Every structure is written in structure tokens, then in C-alpha cells.
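Everything below concerns the one structure shown next.
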Amino acid sequence: MTAQGIYLDNNATTRVDPEVLAEMLPLFTEQFGNPSSMHGFGAAVGGKIEWARKQVQALLGAAHDSEIVFTSGGTESDNTAILSVLEAYPKKRSIVTSVVEHPAVLALCDYLEKKRGYTVHRIGVDNRGNLDLDAYKAALSPDVAIVSIMWANNETGTIFPIEELAQLAKAVGAVFHTDAVQAVGKIPMTLANSAVDMLSLSGHKLHAPKGIGALYVKRGLRFRPMLRGGHQERSRRAGTENAPGIVGLGAAAQLALLHMTDENTRVKALRDKLEQAILAAVPNCFVTGNPANRLPNTCNVAFEYIEGEAILLLLNEAGIAASSGSACTSGSLEPSHVMRAMGVPYTAAHGATRFSLSRETTEEEIDRVIAVVPGIIAKLRSLSPYWSQAGAPKEFAPVYS
């Protein structure tokens, strides 16, 4: 627990690990050279960047460190991957994605469909957030330039069968890209033996700073840069390198690999403890997504008959940071696109609340959240006309049963 309280919004961003910061600090003062320069100042920084590249390679299980291209984050990586493939294969006019992708993918696909005339196949999900494989297979054709499917959903944590999806895409000659921003550092990956062609990641999701990310590009893949200029990143991403951020990402990747077992044992156990306690103490709530196949740190609970925004405000007053599956905080009265895609009942979708843990989360913190949440839900329901109209039901059968 920090002076600011309990932080359970790690899928939004993570705290920079002190060890990561320690690796970064010399790059601001002592090792400040431009890595493209010929002199020793530049060479020292260039060596640090190549060290960081190898750490990201190791975390992803990639075959070559040259397959790692540093970017400003997940959004740039997603956009670069999709636009690169479309430019490399101009005769192919179709894109396949899912309805639950991050806006970094969905907004670009909307633009390409409306402004550039591409056909976009948006594959649906079932009420657990699992991809409709039959619809996916039906959408694949030789006209598909790229498939972009997230590795794990940011709201529910549901994991998609990426290797199977990639192999099916390759069978029709499509390039396969995955937005793995939420998955990298939480689950093991071996891209060297994978059909995945491109993968996006973002540093601030794994205890590195904001503003740094990477794009994995399998060796031999046709690539067209989005940013043109200098020869940085082997001419795949122009612009003077963000050396402190890159080194921070490298350090974070190294630590993530070391803590992978802890993420999938201790952190997962804390997540399960929190979830089971909430379900036992609070009536009319349920877990969204696929409880049997999701990220070890993510718990999204839908509370019937109350608003997620109100839940977050009271949690914040109690010193607990979480996030809502509802878009209320953005001024919309609609539930999130992920909740809608899964068919979560309207009366529950607005109350979807995500608790996302990290390796820094302690059992003491989870115990505190368990003690606070039931009272918050009871208070809000006592004020809710919807709960009153429902007769404060004792039983609820969600679409997941």
C-alpha cells in the first residue's frame, strides 16, 4: 500500500519499477550521447540500446534481436503493423479483426474502411469473450492482407488462441499481427516457434515508463515504415531513439521474465481470493470473461443495478484505485464495447468493475479491498431505483450460467 492508497488498475498502467528507474537515470545525464553518433558518447548509448533489444527478444522468445523495433508504445506499434502490411500488399483489400480490440486497432480499421475503402471483418465473441472461430474461418480469404487479433483482452483478461488463429491466417496467405500489450510479461511466449508475424507491446504495462513500446517483426516479413527519415531502427522507425525509455523497457523485460512464475502463482492466487470473496459477499454479481482462460492478474466483476462510475468514486474515497467496464467516465451512457459484444445484460454492464493486480500487490491490500467492496455495493444499491424496482432480488442467473 502506498501513501496514495491501494492500486489495482495495473491494466491501465503500472508503476515504474525502482530497478528500471535506476537503469534509466544515467541515460539522462552521464550517458547522454546520440546513439547514431560515431564518437564514444554515442557508442555507449548504442550499446545500452542493443542490450535492451536483447532483453525484449528474450521476453518474447524471438529468434533474433533484430526482430525488435522500438516505438513510442502500443498504439504506434498497432498502427505501424497494420499500415505497413497494407502498403506492402496493395492488391489485398480486406482486414480481419475482432469486435473487442483496443481502440488503437478498431479506430484505425474504422478509418481504413470509411476513408480508404477496405473491407473490415469484425469477428464477434461469445458471452465469455471467446472469439467465434467459425466466423473467423469464414472471414479468411486470399484477399485478406492482415489479421489483427489481441492476445488478451484488456477489460476481461480473456486469452485468445493466438497460435491457432495465426496458423489459419497463414494458410490463406495473410499476415498475422497480435496486440499483446496486456499479455506480454504475464504469460510465457516463444515467438521463434510461432506463426505470429508481428506483435505489439507497451512498456508502461510492465513497469517501464510511458512513451516506449516495441513492435516484433518476424525476419523476412515485408515491412514498410510509418515514420520515414533517418536510418534508426534499421530504417524501420525514423527518429532519434528514446534511449532512457528503451533502456527502461529492456530492464522491465528482464524483470518480467524473472517474475513470470510469481505472476502466474502468487498474483493469480491473490486475484482468485479477491474474486471469490466478492462473489460470496455480494449478491447479484458475476465475473465477466472466461474465468478458465484469462490473464492471471485480471478480475472484472459486473455488479447488477448500479453504475460503475459511482463504484469507482467510492472506492477512490476508500483509497482504492480500480477501473470501470463502463464508458460512463468518458461522458457516454453506453457500456463498454467489450461488455456489449459479450451480451452482458444492460443492468449489469454499467456496473462492470475491473481489478487488475501486479507483482507489487500484497495480500494485506487484497484483504482491505475485500473488507470495503461489499459495503460500497450495498450503499449504492440502497440508493438505486433500479435495485428497488427489482425488489432487491436474491437470485440472479446471468447469461453465463
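Chain labels A, B, ... are given in the sequence in which chains occur in the C-alpha cells; within each chain residues are numbered consecutively from 1, and ligands are likewise numbered from 1 in the order shown.
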Shell of 12 Å around Ile162 of chain A, only C-alpha atoms, local chain residues under 2 positions omitted, as number ranges by chain = A: 130-131, 133, 147-152, 158-160, 164-169, 176-180, 183, 189-191, 194-199
Just the residues within 7 Å of Arg122 of chain A, please, counting only C-alpha atoms, with nothing from its chain fewer than 3 positions along; format it as a PyMOL selection string.
-> chain A and resi 96-99
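For segment 22-33 of chain A, the non-local neighbours within 10 Å, defined as residues at least 6 positions apart in the same chain or in other chains and counting only C-alpha atoms, are His39, Gly40, Phe41, Gly42, Ala43, Ala44, Val45, Gly46, Lys48, Ala208, Pro209, Asn242, Ala243, Pro244, Gly245, Ile246, Val247, Gly248, Leu249, Gly250, Ala251 and Ala252 of chain A.
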Produce a file of the selected residues containing N, CA and C atoms, as a PDB file, in the first residue's frame.
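Result file again.pdb:
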ATOM      1  N   HIS A  39      31.190   8.925 -32.201  1.00  0.00           N
ATOM      2  CA  HIS A  39      32.116   9.037 -31.076  1.00  0.00           C
ATOM      3  C   HIS A  39      31.708   8.139 -29.896  1.00  0.00           C
ATOM      4  N   GLY A  40      32.543   8.147 -28.878  1.00  0.00           N
ATOM      5  CA  GLY A  40      32.321   7.272 -27.736  1.00  0.00           C
ATOM      6  C   GLY A  40      31.063   7.560 -26.963  1.00  0.00           C
ATOM      7  N   PHE A  41      30.659   8.830 -26.890  1.00  0.00           N
ATOM      8  CA  PHE A  41      29.421   9.166 -26.185  1.00  0.00           C
ATOM      9  C   PHE A  41      28.233   8.436 -26.811  1.00  0.00           C
ATOM     10  N   GLY A  42      28.211   8.441 -28.155  1.00  0.00           N
ATOM     11  CA  GLY A  42      27.115   7.776 -28.861  1.00  0.00           C
ATOM     12  C   GLY A  42      27.211   6.262 -28.763  1.00  0.00           C
ATOM     13  N   ALA A  43      28.432   5.744 -28.869  1.00  0.00           N
ATOM     14  CA  ALA A  43      28.619   4.286 -28.831  1.00  0.00           C
ATOM     15  C   ALA A  43      28.162   3.696 -27.507  1.00  0.00           C
ATOM     16  N   ALA A  44      28.395   4.416 -26.411  1.00  0.00           N
ATOM     17  CA  ALA A  44      27.989   3.911 -25.097  1.00  0.00           C
ATOM     18  C   ALA A  44      26.473   3.762 -25.017  1.00  0.00           C
ATOM     19  N   VAL A  45      25.752   4.731 -25.577  1.00  0.00           N
ATOM     20  CA  VAL A  45      24.292   4.670 -25.570  1.00  0.00           C
ATOM     21  C   VAL A  45      23.796   3.598 -26.528  1.00  0.00           C
ATOM     22  N   GLY A  46      24.470   3.511 -27.692  1.00  0.00           N
ATOM     23  CA  GLY A  46      24.095   2.486 -28.663  1.00  0.00           C
ATOM     24  C   GLY A  46      24.214   1.090 -28.085  1.00  0.00           C
ATOM     25  N   LYS A  48      23.846   0.270 -24.940  1.00  0.00           N
ATOM     26  CA  LYS A  48      22.750   0.075 -23.996  1.00  0.00           C
ATOM     27  C   LYS A  48      21.448  -0.261 -24.722  1.00  0.00           C
ATOM     28  N   ALA A 208       7.658  -0.407 -16.947  1.00  0.00           N
ATOM     29  CA  ALA A 208       8.561   0.504 -17.628  1.00  0.00           C
ATOM     30  C   ALA A 208       7.829   1.842 -17.765  1.00  0.00           C
ATOM     31  N   PRO A 209       8.492   2.897 -18.228  1.00  0.00           N
ATOM     32  CA  PRO A 209       7.806   4.189 -18.327  1.00  0.00           C
ATOM     33  C   PRO A 209       6.815   4.262 -19.482  1.00  0.00           C
ATOM     34  N   ASN A 242      14.596   7.094 -28.194  1.00  0.00           N
ATOM     35  CA  ASN A 242      14.296   7.446 -26.811  1.00  0.00           C
ATOM     36  C   ASN A 242      15.125   6.519 -25.927  1.00  0.00           C
ATOM     37  N   ALA A 243      16.407   6.840 -25.805  1.00  0.00           N
ATOM     38  CA  ALA A 243      17.341   5.930 -25.139  1.00  0.00           C
ATOM     39  C   ALA A 243      16.943   5.609 -23.688  1.00  0.00           C
ATOM     40  N   PRO A 244      16.594   6.586 -22.865  1.00  0.00           N
ATOM     41  CA  PRO A 244      16.202   6.222 -21.495  1.00  0.00           C
ATOM     42  C   PRO A 244      14.989   5.292 -21.473  1.00  0.00           C
ATOM     43  N   GLY A 245      13.996   5.580 -22.308  1.00  0.00           N
ATOM     44  CA  GLY A 245      12.811   4.731 -22.358  1.00  0.00           C
ATOM     45  C   GLY A 245      13.133   3.327 -22.839  1.00  0.00           C
ATOM     46  N   ILE A 246      13.976   3.234 -23.852  1.00  0.00           N
ATOM     47  CA  ILE A 246      14.350   1.931 -24.390  1.00  0.00           C
ATOM     48  C   ILE A 246      15.079   1.097 -23.339  1.00  0.00           C
ATOM     49  N   VAL A 247      16.021   1.720 -22.655  1.00  0.00           N
ATOM     50  CA  VAL A 247      16.756   1.001 -21.610  1.00  0.00           C
ATOM     51  C   VAL A 247      15.805   0.607 -20.477  1.00  0.00           C
ATOM     52  N   GLY A 248      14.862   1.491 -20.171  1.00  0.00           N
ATOM     53  CA  GLY A 248      13.860   1.156 -19.155  1.00  0.00           C
ATOM     54  C   GLY A 248      13.022  -0.039 -19.571  1.00  0.00           C
ATOM     55  N   LEU A 249      12.632  -0.077 -20.843  1.00  0.00           N
ATOM     56  CA  LEU A 249      11.862  -1.217 -21.340  1.00  0.00           C
ATOM     57  C   LEU A 249      12.695  -2.491 -21.274  1.00  0.00           C
ATOM     58  N   GLY A 250      13.966  -2.390 -21.609  1.00  0.00           N
ATOM     59  CA  GLY A 250      14.837  -3.562 -21.528  1.00  0.00           C
ATOM     60  C   GLY A 250      14.944  -4.093 -20.110  1.00  0.00           C
ATOM     61  N   ALA A 251      15.113  -3.181 -19.160  1.00  0.00           N
ATOM     62  CA  ALA A 251      15.204  -3.596 -17.753  1.00  0.00           C
ATOM     63  C   ALA A 251      13.892  -4.210 -17.287  1.00  0.00           C
ATOM     64  N   ALA A 252      12.776  -3.614 -17.705  1.00  0.00           N
ATOM     65  CA  ALA A 252      11.464  -4.143 -17.324  1.00  0.00           C
ATOM     66  C   ALA A 252      11.226  -5.520 -17.919  1.00  0.00           C
TER      67      ALA A 252
END
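Distances here use only C-alpha atoms; by that measure, the residue among A:Ala292, A:Glu309, A:Tyr346, A:Gln182 closest to Thr14 of chain A is A:Gln182.
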How many Å lie between atom CA of Thr13 of chain A and atom CA of Val184 of chain A, rounded to one decimal?
-> 13.3 Å
Val100 of chain A: which residues within 9 Å, counting only C-alpha atoms, same-chain residues fewer than 6 positions away excluded, as a list in words?
-> Leu106, Arg122, Ile123, Gly124, Val125, Gly129, Ile149, Met150, Asn153, His337, Val338, Met339, Ala341 and Met342 of chain A
Within segment 149-273 of chain A, find each residue whose DSSP state, derived from the backbone, is strand (DSSP E), and express the selection as a list in words.
->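 Taking segment 149-273 of chain A and keeping strand (DSSP E) only, one gets Val175, Phe176, His177, Thr178, Asp179, Met198, Leu199, Ser200, Leu201, Ser202, Gly213, Ala214, Leu215, Tyr216 and Val217 of chain A.
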Selection file, C-alpha atoms, as a compact mmCIF listing (two decimals), in the first residue's frame:
# COMPACT_ATOMS: atom_id res chain seq x y z
CA VAL A 175 -0.01 -11.61 -42.29
CA PHE A 176 -0.90 -12.16 -38.63
CA HIS A 177 -0.49 -9.39 -36.06
CA THR A 178 -1.40 -9.50 -32.39
CA ASP A 179 -1.82 -6.64 -29.96
CA MET A 198 4.02 -9.13 -35.82
CA LEU A 199 3.37 -8.33 -32.14
CA SER A 200 2.80 -5.05 -30.30
CA LEU A 201 3.79 -4.30 -26.72
CA SER A 202 3.85 -1.26 -24.46
CA GLY A 213 6.99 0.24 -26.71
CA ALA A 214 8.08 -2.21 -29.34
CA LEU A 215 6.91 -3.98 -32.45
CA TYR A 216 8.09 -7.51 -33.15
CA VAL A 217 8.55 -8.07 -36.89
Listing only residues of segment 326-376 of chain A within 9 Å of segment 297-306 of chain A, what is the closest atom pair and its distance in Å (to one decimal) for each, using only C-alpha atoms, sorted by chain and residue number ascending, as JSON lines?
{"residue": "A:Val344", "atom": "CA", "partner": "A:Ala302", "partner_atom": "CA", "distance": 8.6}
{"residue": "A:Pro345", "atom": "CA", "partner": "A:Glu304", "partner_atom": "CA", "distance": 8.8}
{"residue": "A:Tyr346", "atom": "CA", "partner": "A:Glu304", "partner_atom": "CA", "distance": 8.8}
{"residue": "A:Thr347", "atom": "CA", "partner": "A:Tyr305", "partner_atom": "CA", "distance": 5.3}
{"residue": "A:Ala348", "atom": "CA", "partner": "A:Glu304", "partner_atom": "CA", "distance": 4.2}
{"residue": "A:Ala349", "atom": "CA", "partner": "A:Ala302", "partner_atom": "CA", "distance": 6.2}
{"residue": "A:His350", "atom": "CA", "partner": "A:Ile306", "partner_atom": "CA", "distance": 6.9}
{"residue": "A:Gly351", "atom": "CA", "partner": "A:Phe303", "partner_atom": "CA", "distance": 4.8}
{"residue": "A:Ala352", "atom": "CA", "partner": "A:Ala302", "partner_atom": "CA", "distance": 3.8}
{"residue": "A:Thr353", "atom": "CA", "partner": "A:Val301", "partner_atom": "CA", "distance": 5.4}
{"residue": "A:Arg354", "atom": "CA", "partner": "A:Asn300", "partner_atom": "CA", "distance": 4.2}
{"residue": "A:Phe355", "atom": "CA", "partner": "A:Cys299", "partner_atom": "CA", "distance": 5.2}
{"residue": "A:Ser356", "atom": "CA", "partner": "A:Thr298", "partner_atom": "CA", "distance": 4.6}
{"residue": "A:Leu357", "atom": "CA", "partner": "A:Asn297", "partner_atom": "CA", "distance": 4.9}
{"residue": "A:Ser358", "atom": "CA", "partner": "A:Asn297", "partner_atom": "CA", "distance": 6.4}
{"residue": "A:Arg359", "atom": "CA", "partner": "A:Asn297", "partner_atom": "CA", "distance": 8.7}
Let me see the file: selected residues, N, CA, C and O atoms, as a PDB file, in the first residue's frame.
ATOM      1  N   VAL A 344     -23.414  -8.894 -22.163  1.00  0.00           N
ATOM      2  CA  VAL A 344     -23.661  -8.726 -20.736  1.00  0.00           C
ATOM      3  C   VAL A 344     -24.966  -7.939 -20.570  1.00  0.00           C
ATOM      4  O   VAL A 344     -25.163  -6.917 -21.223  1.00  0.00           O
ATOM      5  N   PRO A 345     -25.891  -8.406 -19.714  1.00  0.00           N
ATOM      6  CA  PRO A 345     -27.164  -7.695 -19.538  1.00  0.00           C
ATOM      7  C   PRO A 345     -26.944  -6.222 -19.226  1.00  0.00           C
ATOM      8  O   PRO A 345     -26.020  -5.854 -18.487  1.00  0.00           O
ATOM      9  N   TYR A 346     -27.788  -5.375 -19.795  1.00  0.00           N
ATOM     10  CA  TYR A 346     -27.651  -3.937 -19.630  1.00  0.00           C
ATOM     11  C   TYR A 346     -27.610  -3.548 -18.157  1.00  0.00           C
ATOM     12  O   TYR A 346     -26.868  -2.638 -17.758  1.00  0.00           O
ATOM     13  N   THR A 347     -28.391  -4.232 -17.330  1.00  0.00           N
ATOM     14  CA  THR A 347     -28.462  -3.911 -15.901  1.00  0.00           C
ATOM     15  C   THR A 347     -27.169  -4.231 -15.168  1.00  0.00           C
ATOM     16  O   THR A 347     -26.952  -3.772 -14.046  1.00  0.00           O
ATOM     17  N   ALA A 348     -26.290  -5.034 -15.800  1.00  0.00           N
ATOM     18  CA  ALA A 348     -25.020  -5.392 -15.164  1.00  0.00           C
ATOM     19  C   ALA A 348     -23.827  -4.744 -15.848  1.00  0.00           C
ATOM     20  O   ALA A 348     -22.804  -4.479 -15.210  1.00  0.00           O
ATOM     21  N   ALA A 349     -23.945  -4.466 -17.150  1.00  0.00           N
ATOM     22  CA  ALA A 349     -22.811  -3.962 -17.921  1.00  0.00           C
ATOM     23  C   ALA A 349     -22.299  -2.631 -17.385  1.00  0.00           C
ATOM     24  O   ALA A 349     -21.098  -2.358 -17.362  1.00  0.00           O
ATOM     25  N   HIS A 350     -23.214  -1.773 -16.917  1.00  0.00           N
ATOM     26  CA  HIS A 350     -22.805  -0.476 -16.383  1.00  0.00           C
ATOM     27  C   HIS A 350     -22.051  -0.608 -15.070  1.00  0.00           C
ATOM     28  O   HIS A 350     -21.298   0.289 -14.691  1.00  0.00           O
ATOM     29  N   GLY A 351     -22.257  -1.710 -14.364  1.00  0.00           N
ATOM     30  CA  GLY A 351     -21.602  -1.898 -13.078  1.00  0.00           C
ATOM     31  C   GLY A 351     -20.358  -2.754 -13.154  1.00  0.00           C
ATOM     32  O   GLY A 351     -19.840  -3.187 -12.115  1.00  0.00           O
ATOM     33  N   ALA A 352     -19.865  -3.009 -14.375  1.00  0.00           N
ATOM     34  CA  ALA A 352     -18.656  -3.833 -14.527  1.00  0.00           C
ATOM     35  C   ALA A 352     -17.443  -3.077 -14.000  1.00  0.00           C
ATOM     36  O   ALA A 352     -17.175  -1.948 -14.409  1.00  0.00           O
ATOM     37  N   THR A 353     -16.727  -3.703 -13.087  1.00  0.00           N
ATOM     38  CA  THR A 353     -15.572  -3.077 -12.450  1.00  0.00           C
ATOM     39  C   THR A 353     -14.365  -4.000 -12.558  1.00  0.00           C
ATOM     40  O   THR A 353     -14.439  -5.171 -12.217  1.00  0.00           O
ATOM     41  N   ARG A 354     -13.261  -3.434 -13.040  1.00  0.00           N
ATOM     42  CA  ARG A 354     -12.051  -4.238 -13.247  1.00  0.00           C
ATOM     43  C   ARG A 354     -11.028  -3.969 -12.148  1.00  0.00           C
ATOM     44  O   ARG A 354     -10.669  -2.828 -11.882  1.00  0.00           O
ATOM     45  N   PHE A 355     -10.592  -5.050 -11.530  1.00  0.00           N
ATOM     46  CA  PHE A 355      -9.492  -5.004 -10.579  1.00  0.00           C
ATOM     47  C   PHE A 355      -8.307  -5.699 -11.246  1.00  0.00           C
ATOM     48  O   PHE A 355      -8.377  -6.894 -11.542  1.00  0.00           O
ATOM     49  N   SER A 356      -7.227  -4.971 -11.493  1.00  0.00           N
ATOM     50  CA  SER A 356      -6.057  -5.579 -12.142  1.00  0.00           C
ATOM     51  C   SER A 356      -4.841  -5.436 -11.244  1.00  0.00           C
ATOM     52  O   SER A 356      -4.422  -4.334 -10.892  1.00  0.00           O
ATOM     53  N   LEU A 357      -4.297  -6.588 -10.861  1.00  0.00           N
ATOM     54  CA  LEU A 357      -3.209  -6.653  -9.900  1.00  0.00           C
ATOM     55  C   LEU A 357      -1.851  -6.599 -10.598  1.00  0.00           C
ATOM     56  O   LEU A 357      -1.775  -6.644 -11.828  1.00  0.00           O
ATOM     57  N   SER A 358      -0.792  -6.545  -9.812  1.00  0.00           N
ATOM     58  CA  SER A 358       0.568  -6.646 -10.343  1.00  0.00           C
ATOM     59  C   SER A 358       1.418  -7.412  -9.346  1.00  0.00           C
ATOM     60  O   SER A 358       0.942  -7.780  -8.261  1.00  0.00           O
ATOM     61  N   ARG A 359       2.669  -7.618  -9.676  1.00  0.00           N
ATOM     62  CA  ARG A 359       3.555  -8.331  -8.749  1.00  0.00           C
ATOM     63  C   ARG A 359       3.812  -7.526  -7.487  1.00  0.00           C
ATOM     64  O   ARG A 359       4.336  -8.055  -6.497  1.00  0.00           O
TER      65      ARG A 359
END
Looking at A:Gly74, A:Gly157, A:Gly47, A:Gly230, which one is nearest to Asn290 of chain A, with distances taken over only C-alpha atoms?
->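 Distance minimum relative to Asn290 of chain A lands on A:Gly157.
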Between A:Lys379, A:His204, A:Lys268, A:Arg234, which is the closest to Arg15 of chain A once you count only C-alpha atoms?
->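 Of A:Lys379, A:His204, A:Lys268, A:Arg234, the one nearest Arg15 of chain A is A:His204, counting only C-alpha atoms.
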DSSP on the backbone: what in segment 46-194 of chain A comes out alpha helix (DSSP H), as an NGL selection string?
-> :A and (46-60 or 74-88 or 103-116 or 133-139 or 162-171)
Contacts of Asp262 of chain A at 12 Å or less, counting only C-alpha atoms, minus same-chain residues fewer than 3 places along, as a tab-separated table (two decimals) with all heavy atoms, in the first residue's frame?
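That gives us out_30.tsv:
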chain	number	residue	atom	x	y	z
A	185	GLY	N	4.69	-10.20	-20.59
A	185	GLY	CA	5.15	-10.11	-19.21
A	185	GLY	C	4.28	-10.86	-18.22
A	185	GLY	O	4.67	-11.06	-17.08
A	186	LYS	N	3.09	-11.28	-18.68
A	186	LYS	CA	2.20	-12.01	-17.79
A	186	LYS	C	2.12	-13.49	-18.12
A	186	LYS	O	1.89	-14.32	-17.24
A	186	LYS	CB	0.78	-11.41	-17.83
A	186	LYS	CG	0.69	-9.96	-17.38
A	186	LYS	CD	-0.74	-9.49	-17.33
A	186	LYS	CE	-0.85	-8.05	-16.89
A	186	LYS	NZ	-0.61	-7.10	-17.99
A	187	ILE	N	2.25	-13.82	-19.41
A	187	ILE	CA	2.22	-15.23	-19.82
A	187	ILE	C	3.42	-15.53	-20.71
A	187	ILE	O	3.88	-14.66	-21.45
A	187	ILE	CB	0.90	-15.58	-20.54
A	187	ILE	CG1	0.64	-14.64	-21.71
A	187	ILE	CG2	-0.27	-15.53	-19.56
A	187	ILE	CD1	-0.63	-14.95	-22.48
A	255	LEU	N	13.12	-8.05	-15.86
A	255	LEU	CA	12.45	-8.31	-14.59
A	255	LEU	C	11.17	-9.12	-14.80
A	255	LEU	O	10.83	-9.99	-13.99
A	255	LEU	CB	12.13	-6.99	-13.90
A	255	LEU	CG	13.32	-6.21	-13.33
A	255	LEU	CD1	12.87	-4.84	-12.85
A	255	LEU	CD2	13.98	-6.99	-12.20
A	256	ALA	N	10.44	-8.81	-15.87
A	256	ALA	CA	9.20	-9.54	-16.14
A	256	ALA	C	9.46	-11.02	-16.34
A	256	ALA	O	8.70	-11.88	-15.88
A	256	ALA	CB	8.51	-8.96	-17.37
A	257	LEU	N	10.56	-11.33	-17.01
A	257	LEU	CA	10.91	-12.73	-17.23
A	257	LEU	C	11.25	-13.41	-15.91
A	257	LEU	O	10.85	-14.56	-15.66
A	257	LEU	CB	12.10	-12.81	-18.20
A	257	LEU	CG	12.34	-14.14	-18.92
A	257	LEU	CD1	11.11	-14.62	-19.67
A	257	LEU	CD2	13.53	-14.00	-19.87
A	258	LEU	N	11.94	-12.68	-15.04
A	258	LEU	CA	12.30	-13.23	-13.73
A	258	LEU	C	11.08	-13.46	-12.84
A	258	LEU	O	11.05	-14.38	-12.04
A	258	LEU	CB	13.28	-12.29	-13.02
A	258	LEU	CG	14.70	-12.20	-13.60
A	258	LEU	CD1	15.48	-11.09	-12.89
A	258	LEU	CD2	15.42	-13.53	-13.46
A	259	HIS	N	10.06	-12.61	-13.00
A	259	HIS	CA	8.89	-12.67	-12.12
A	259	HIS	C	7.70	-13.40	-12.75
A	259	HIS	O	6.61	-13.39	-12.19
A	259	HIS	CB	8.45	-11.25	-11.75
A	259	HIS	CG	9.40	-10.55	-10.83
A	259	HIS	ND1	9.48	-10.83	-9.48
A	259	HIS	CD2	10.31	-9.57	-11.06
A	259	HIS	CE1	10.39	-10.06	-8.92
A	259	HIS	NE2	10.91	-9.28	-9.85
A	265	THR	N	1.42	-17.53	-10.15
A	265	THR	CA	1.13	-18.29	-8.93
A	265	THR	C	0.60	-17.38	-7.84
A	265	THR	O	-0.60	-17.32	-7.57
A	265	THR	CB	2.39	-19.04	-8.45
A	265	THR	OG1	3.49	-18.11	-8.33
A	265	THR	CG2	2.77	-20.14	-9.42
A	266	ARG	N	1.48	-16.59	-7.23
A	266	ARG	CA	1.08	-15.74	-6.12
A	266	ARG	C	0.07	-14.67	-6.53
A	266	ARG	O	-0.97	-14.48	-5.88
A	266	ARG	CB	2.31	-15.07	-5.49
A	266	ARG	CG	2.00	-14.27	-4.22
A	266	ARG	CD	3.22	-13.47	-3.76
A	266	ARG	NE	3.59	-12.46	-4.73
A	266	ARG	CZ	3.03	-11.25	-4.79
A	266	ARG	NH1	2.07	-10.92	-3.95
A	266	ARG	NH2	3.43	-10.38	-5.70
A	267	VAL	N	0.36	-13.97	-7.62
A	267	VAL	CA	-0.56	-12.91	-8.08
A	267	VAL	C	-1.91	-13.50	-8.47
A	267	VAL	O	-2.97	-12.97	-8.13
A	267	VAL	CB	0.06	-12.11	-9.24
A	267	VAL	CG1	-0.95	-11.10	-9.80
A	267	VAL	CG2	1.33	-11.40	-8.80
A	268	LYS	N	-1.86	-14.62	-9.18
A	268	LYS	CA	-3.10	-15.28	-9.58
A	268	LYS	C	-3.91	-15.72	-8.35
A	268	LYS	O	-5.14	-15.57	-8.32
A	268	LYS	CB	-2.78	-16.50	-10.45
A	268	LYS	CG	-4.01	-17.25	-10.94
A	268	LYS	CD	-3.60	-18.43	-11.82
A	268	LYS	CE	-4.83	-19.19	-12.30
A	268	LYS	NZ	-4.44	-20.36	-13.13
A	269	ALA	N	-3.23	-16.22	-7.33
A	269	ALA	CA	-3.92	-16.65	-6.11
A	269	ALA	C	-4.58	-15.46	-5.40
A	269	ALA	O	-5.70	-15.57	-4.87
A	269	ALA	CB	-2.94	-17.34	-5.17
A	270	LEU	N	-3.91	-14.32	-5.39
A	270	LEU	CA	-4.50	-13.12	-4.80
A	270	LEU	C	-5.71	-12.66	-5.59
A	270	LEU	O	-6.73	-12.26	-5.01
A	270	LEU	CB	-3.45	-12.00	-4.75
A	270	LEU	CG	-2.32	-12.14	-3.73
A	270	LEU	CD1	-1.36	-10.97	-3.85
A	270	LEU	CD2	-2.85	-12.24	-2.31
A	296	PRO	N	-3.54	-13.84	-15.45
A	296	PRO	CA	-3.53	-14.17	-14.01
A	296	PRO	C	-3.80	-12.99	-13.09
A	296	PRO	O	-4.06	-13.20	-11.90
A	296	PRO	CB	-2.11	-14.71	-13.80
A	296	PRO	CG	-1.29	-14.07	-14.87
A	296	PRO	CD	-2.20	-13.98	-16.06
A	297	ASN	N	-3.74	-11.78	-13.61
A	297	ASN	CA	-3.88	-10.60	-12.75
A	297	ASN	C	-5.23	-9.90	-12.86
A	297	ASN	O	-5.48	-8.93	-12.15
A	297	ASN	CB	-2.79	-9.58	-13.10
A	297	ASN	CG	-3.14	-8.80	-14.36
A	297	ASN	OD1	-3.55	-9.39	-15.37
A	297	ASN	ND2	-2.98	-7.50	-14.31
A	358	SER	N	-0.79	-6.54	-9.81
A	358	SER	CA	0.57	-6.65	-10.34
A	358	SER	C	1.42	-7.41	-9.35
A	358	SER	O	0.94	-7.78	-8.26
A	358	SER	CB	1.17	-5.26	-10.58
A	358	SER	OG	1.66	-4.71	-9.36
A	359	ARG	N	2.67	-7.62	-9.68
A	359	ARG	CA	3.56	-8.33	-8.75
A	359	ARG	C	3.81	-7.53	-7.49
A	359	ARG	O	4.34	-8.06	-6.50
A	359	ARG	CB	4.88	-8.67	-9.44
A	359	ARG	CG	5.71	-7.48	-9.90
A	359	ARG	CD	7.05	-7.96	-10.47
A	359	ARG	NE	7.93	-6.88	-10.87
A	359	ARG	CZ	8.12	-6.49	-12.13
A	359	ARG	NH1	7.47	-7.10	-13.11
A	359	ARG	NH2	8.95	-5.50	-12.41
A	360	GLU	N	3.45	-6.24	-7.47
A	360	GLU	CA	3.61	-5.42	-6.29
A	360	GLU	C	2.41	-5.52	-5.34
A	360	GLU	O	2.47	-5.02	-4.21
A	360	GLU	CB	3.81	-3.96	-6.71
A	360	GLU	CG	5.09	-3.74	-7.51
A	360	GLU	CD	5.32	-2.29	-7.85
A	360	GLU	OE1	4.32	-1.52	-7.89
A	360	GLU	OE2	6.48	-1.91	-8.07
A	361	THR	N	1.32	-6.14	-5.78
A	361	THR	CA	0.12	-6.26	-4.95
A	361	THR	C	0.38	-7.21	-3.78
A	361	THR	O	0.97	-8.28	-3.95
A	361	THR	CB	-1.06	-6.79	-5.80
A	361	THR	OG1	-1.26	-5.93	-6.93
A	361	THR	CG2	-2.34	-6.82	-4.97
In Å to one decimal, how far is atom CA of Glu67 of chain A from atom CA of Arg219 of chain A?
->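 It comes out at 6.0 Å.
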Smallest atom-to-atom distance to Ala104 of chain A: which of A:Thr288, A:Asn79, A:Gly211, A:Gly61, using only C-alpha atoms?
->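 Ranked by minimum distance to Ala104 of chain A, first place goes to A:Asn79.
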Between atom CA of Thr240 of chain A and atom CA of Pro103 of chain A, distance in Å (one decimal) | 27.2 Å
